[in-house]
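Report on the structure given below.
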Number of protein chains: 2
Amino acid sequence: MATPTPITSALDRAGYRLTAPRQALAALIADQDGHFTAAGLVAAARSRRLGVGRATVFRTLEVLEAIGAIERLDLPGGEHAYVGCKPAHHHHVVCSRCGRTSEIRDADLQRVVRHVARQTGYRVDEHRLELFGLCPACLAGDARPKARKS
Amino acid sequence: MATPTPITSALDRAGYRLTAPRQALAALIADQDGHFTAAGLVAAARSRRLGVGRATVFRTLEVLEAIGAIERLDLPGGEHAYVGCKPAHHHHVVCSRCGRTSEIRDADLQRVVRHVARQTGYRVDEHRLELFGLCPACLAGDARPKARKS
DNA sequence: AGGATATTGAGACTCTGTCTCATTCGTGCT
DNA sequence: AGCACGAATGAGACAGAGTCTCAATATCCT
Ligand SMILES: [Mn+2]
Ligand SMILES: [Mn+2]
Ligand SMILES: [Zn+2]
Ligand SMILES: [Zn+2]
């Protein structure tokens with residue numbers, strides 16, 4: 001009865017229980033093609049009467065982030081959003097209009113990080129790079145993708 | 001009676017009124033050597049009985065960010081902090097222990113940005129890079145600088 | 001000095017995220 | 001299949017961040 005998805009199997013693999021709320025949320029997240037918010041998931045869960053509590057949404061996001069199945073984005077306006085992710089280290093280009101993201105490997109960035117470390121004397125442990133702009137579809141004037149406020 | 005500071009003169013130059021609350025906050029911010037938070041300013045203003053309201057702190061931070069006198073940091077834990085800034089575009093290395101930051105120019109980063117644009121087809125309009133680690137003082141086991149939670 | 005208006009403080013309000021606690025559910029074991 | 005145990009859940013209280021309204025005040029231009 002458990003339909004395995006990348007997210008649910010990642011949960012399983014990490015030793016978390018495969019509960020109904022987690023499976024429901026995994027499905028909701030799989031539907032998203034751009035970034036999504038906690039509030040959005042809560043609304044979606046409620047409107048589809050999935051019986052998933054608000055606290056559980058936040059707790060699940062926390063777990064999914066911990067296992068690297070999703071990643072938090074800090075949008076320019078200050079709001080937090082999430083995107084589904086491969087577990088390896090990478091960064092995102094985020095479309096300011098439709099919210100879609102593309103993952104990017106950061107080969108070149110390593111040079112920058114090392115350079116900064118040498119320059120400033122800091123020991124650099126983590127870094128975050130986020131790029132914002134317009135995705136190819138939105139550049140092409142594609143009106144189809146769901147519009148986003150803010 | 002107005003003691004001009006970099007922040008107050010930036011405000012003036014941008015056409016904002018030089019009010020007492022803004023001058024008080026500019027002074028508080030000048031005192032900070034690491035990053036600081038809205039809540040921290042509110043607390044400092046209240047404890048020093050500066051008579052600066054909470055709403056005014058948020059409004060002032062908004063204005064200062066708009067004129068580029070400060071910049072918002074998105075800390076790994078998700079909290080927001082601010083640092084005083086030069087107006088030119090740059091990024092920050094942030095000490096996870098004492099909160100001090102160093103500014104870095106992003107010469108090398110331009111290459112990365114262009115590369116990403118070509119690779120993904122996005123038109124990249126803005127980007128944010130934040131590096132976290134330990135500053136030279138904290139690396140040296142310097143216990144002096146004020147410790148920070150989180 | 002006088003007046004238009006930008007700015008302020010107080011407090012209500014909204015939204016995000018956390019916590020508690022009694023109840024339920026998943027899972028490993030028999 | 002049945003049990004037992006701990007992990008996970010929902011409801012709702014709670015805490016904090018940030019926004020908004022509005023009447024009162026202060027700034028700054030003339
Ligand atoms: Mn990703
Ligand atoms: Mn800066
Ligand atoms: Zn787009
Ligand atoms: Zn430090």
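Convention: chains lettered A, B, ... in structure tokens order; per-chain residue numbering from 1; ligands numbered from 1 as shown.
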Practice task
Using only C-alpha atoms (C1' of nucleotides) and all ligand atoms, determine which residues fall within 10 Å of ligand 2, then list them as a list in words.
Solution key: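 If we count only C-alpha atoms (C1' of nucleotides) and all ligand atoms, the neighbours of ligand 2 turn out to be Gly68, Ala69, Ile70, Glu71, Arg72, Leu73, Tyr82, Val83, Gly84, Cys85, Lys86, Pro87, Ala88, His89, His90, His91, His92, Val93, Thr101, Ser102, Glu103, Ile104 and Arg105 of chain B.
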Handout entry: DSSP-assigned strand (DSSP E or B) among segment 18-101 of chain B, expressed as an MDAnalysis selection string
Key = chainID B and resid 34 36 70:74 80:84 91:95 100:101
Problem - All residues 12 Å or closer to segment 18-23 of chain B, only C-alpha atoms (C1' of nucleotides), same chain fewer than 5 positions away omitted, as a VMD selection string - result: (chain B and resid 1 to 13 28 to 30 41 to 42 45 to 46 49 to 64) or (chain C and resid 6 to 9) or (chain D and resid 25 to 28)
Wanna dump the chain A-ligand 3 contacts at 8 Å for me, each residue with its shortest atom pair and the distance in Å to one decimal, counting only C-alpha atoms and all ligand atoms, ordered by chain and number, as JSON lines?
{"residue": "A:Val94", "atom": "CA", "partner": "ligand 3", "partner_atom_place_in_ligand_line": "1 (Zn)", "distance": 8.0}
{"residue": "A:Cys95", "atom": "CA", "partner": "ligand 3", "partner_atom_place_in_ligand_line": "1 (Zn)", "distance": 4.6}
{"residue": "A:Ser96", "atom": "CA", "partner": "ligand 3", "partner_atom_place_in_ligand_line": "1 (Zn)", "distance": 6.6}
{"residue": "A:Arg97", "atom": "CA", "partner": "ligand 3", "partner_atom_place_in_ligand_line": "1 (Zn)", "distance": 5.1}
{"residue": "A:Cys98", "atom": "CA", "partner": "ligand 3", "partner_atom_place_in_ligand_line": "1 (Zn)", "distance": 4.0}
{"residue": "A:Gly99", "atom": "CA", "partner": "ligand 3", "partner_atom_place_in_ligand_line": "1 (Zn)", "distance": 6.0}
{"residue": "A:Arg100", "atom": "CA", "partner": "ligand 3", "partner_atom_place_in_ligand_line": "1 (Zn)", "distance": 5.6}
{"residue": "A:Leu134", "atom": "CA", "partner": "ligand 3", "partner_atom_place_in_ligand_line": "1 (Zn)", "distance": 5.3}
{"residue": "A:Cys135", "atom": "CA", "partner": "ligand 3", "partner_atom_place_in_ligand_line": "1 (Zn)", "distance": 4.2}
{"residue": "A:Pro136", "atom": "CA", "partner": "ligand 3", "partner_atom_place_in_ligand_line": "1 (Zn)", "distance": 6.7}
{"residue": "A:Ala137", "atom": "CA", "partner": "ligand 3", "partner_atom_place_in_ligand_line": "1 (Zn)", "distance": 5.7}
{"residue": "A:Cys138", "atom": "CA", "partner": "ligand 3", "partner_atom_place_in_ligand_line": "1 (Zn)", "distance": 4.3}
{"residue": "A:Leu139", "atom": "CA", "partner": "ligand 3", "partner_atom_place_in_ligand_line": "1 (Zn)", "distance": 7.3}
{"residue": "A:Pro145", "atom": "CA", "partner": "ligand 3", "partner_atom_place_in_ligand_line": "1 (Zn)", "distance": 7.2}
Return as a Markdown table the residues of chain A lying at most 12 Å from ligand 4, together with the closest atom-to-atom pair for each and the distance in Å to one decimal, counting only C-alpha atoms and all ligand atoms, with rows in chain order and ascending residue number.
| residue | atom | partner | partner_atom_place_in_ligand_line | distance |
| --- | --- | --- | --- | --- |
| A:Thr120 | CA | ligand 4 | 1 (Zn) | 11.9 |
| A:Gly121 | CA | ligand 4 | 1 (Zn) | 10.9 |
| A:Tyr122 | CA | ligand 4 | 1 (Zn) | 8.6 |
| A:Arg123 | CA | ligand 4 | 1 (Zn) | 10.1 |
| A:Val124 | CA | ligand 4 | 1 (Zn) | 11.5 |
Problem - Selected residue of minimal separation from chain A among D:DC5, D:DC29, D:DA11, D:DA24, counting only C-alpha atoms (C1' of nucleotides) - result: D:DA11
Practice task
Please return as a ChimeraX atom specification: the residues of chain A that backbone DSSP assigns to alpha helix (DSSP H).
Solution key: /A:6-13,20-31,38-47,54-66,107-120,136-139
Practice task
Show me which bits of chain D are within 12 Å of chain A, counting only C-alpha atoms (C1' of nucleotides), as a list of chain:residue names.
Solution key: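 Per the criterion, chain D yields D:DG6, D:DA7, D:DA8, D:DT9, D:DG10, D:DA11, D:DG12, D:DA17, D:DG18.
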How about saving the chosen residues, C-alpha atoms (C1' of nucleotides) kept, as a PDB file, in the first residue's frame?
ATOM      1  C1'  DG D   6       8.524   4.274  21.164  1.00  0.00           C
ATOM      2  C1'  DA D   7       7.910   7.457  17.489  1.00  0.00           C
ATOM      3  C1'  DA D   8       4.709  10.475  15.490  1.00  0.00           C
ATOM      4  C1'  DT D   9       0.422  12.987  15.423  1.00  0.00           C
ATOM      5  C1'  DG D  10      -3.308  16.798  16.033  1.00  0.00           C
ATOM      6  C1'  DA D  11      -5.250  20.315  18.712  1.00  0.00           C
ATOM      7  C1'  DG D  12      -4.470  24.206  20.523  1.00  0.00           C
ATOM      8  C1'  DA D  17       8.592  38.472  13.844  1.00  0.00           C
ATOM      9  C1'  DG D  18       6.809  41.788  11.139  1.00  0.00           C
TER      10       DG D  18
END
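Residue nearest ligand 1, chosen from A:Ala81, A:Leu25, A:Ala44, A:Gly133 and counting only C-alpha atoms and all ligand atoms: A:Ala81.
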Problem - Nearest candidate to chain A (options C:DT24, C:DT30, C:DA12, C:DT5; using only C-alpha atoms (C1' of nucleotides)) - result: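 Nearest to chain A: C:DT24.
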Exercise for the section: Go through C:DC21, C:DG11, C:DG2, C:DG28 one by one, measure the shortest atom-to-atom distance of each to chain B using only C-alpha atoms (C1' of nucleotides), and give the residue with the smallest value. Expected result: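 Looking only at the distances to chain B, the closest residue turns out to be C:DG11.
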Exercise for the section: Output the contact residues of chain C with respect to chain A at a cut-off of 12 Å, based on only C-alpha atoms (C1' of nucleotides), as a list of chain:residue names. Expected result: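 Per the criterion, chain C yields C:DC15, C:DT16, C:DG17, C:DT18, C:DC19, C:DT20, C:DT24, C:DC25, C:DG26, C:DT27.
With only C-alpha atoms and all ligand atoms as the basis for measurement, A:Glu130 is the residue among A:Arg118, A:Asp125, A:Ala140, A:Glu130 that approaches ligand 1 most closely.
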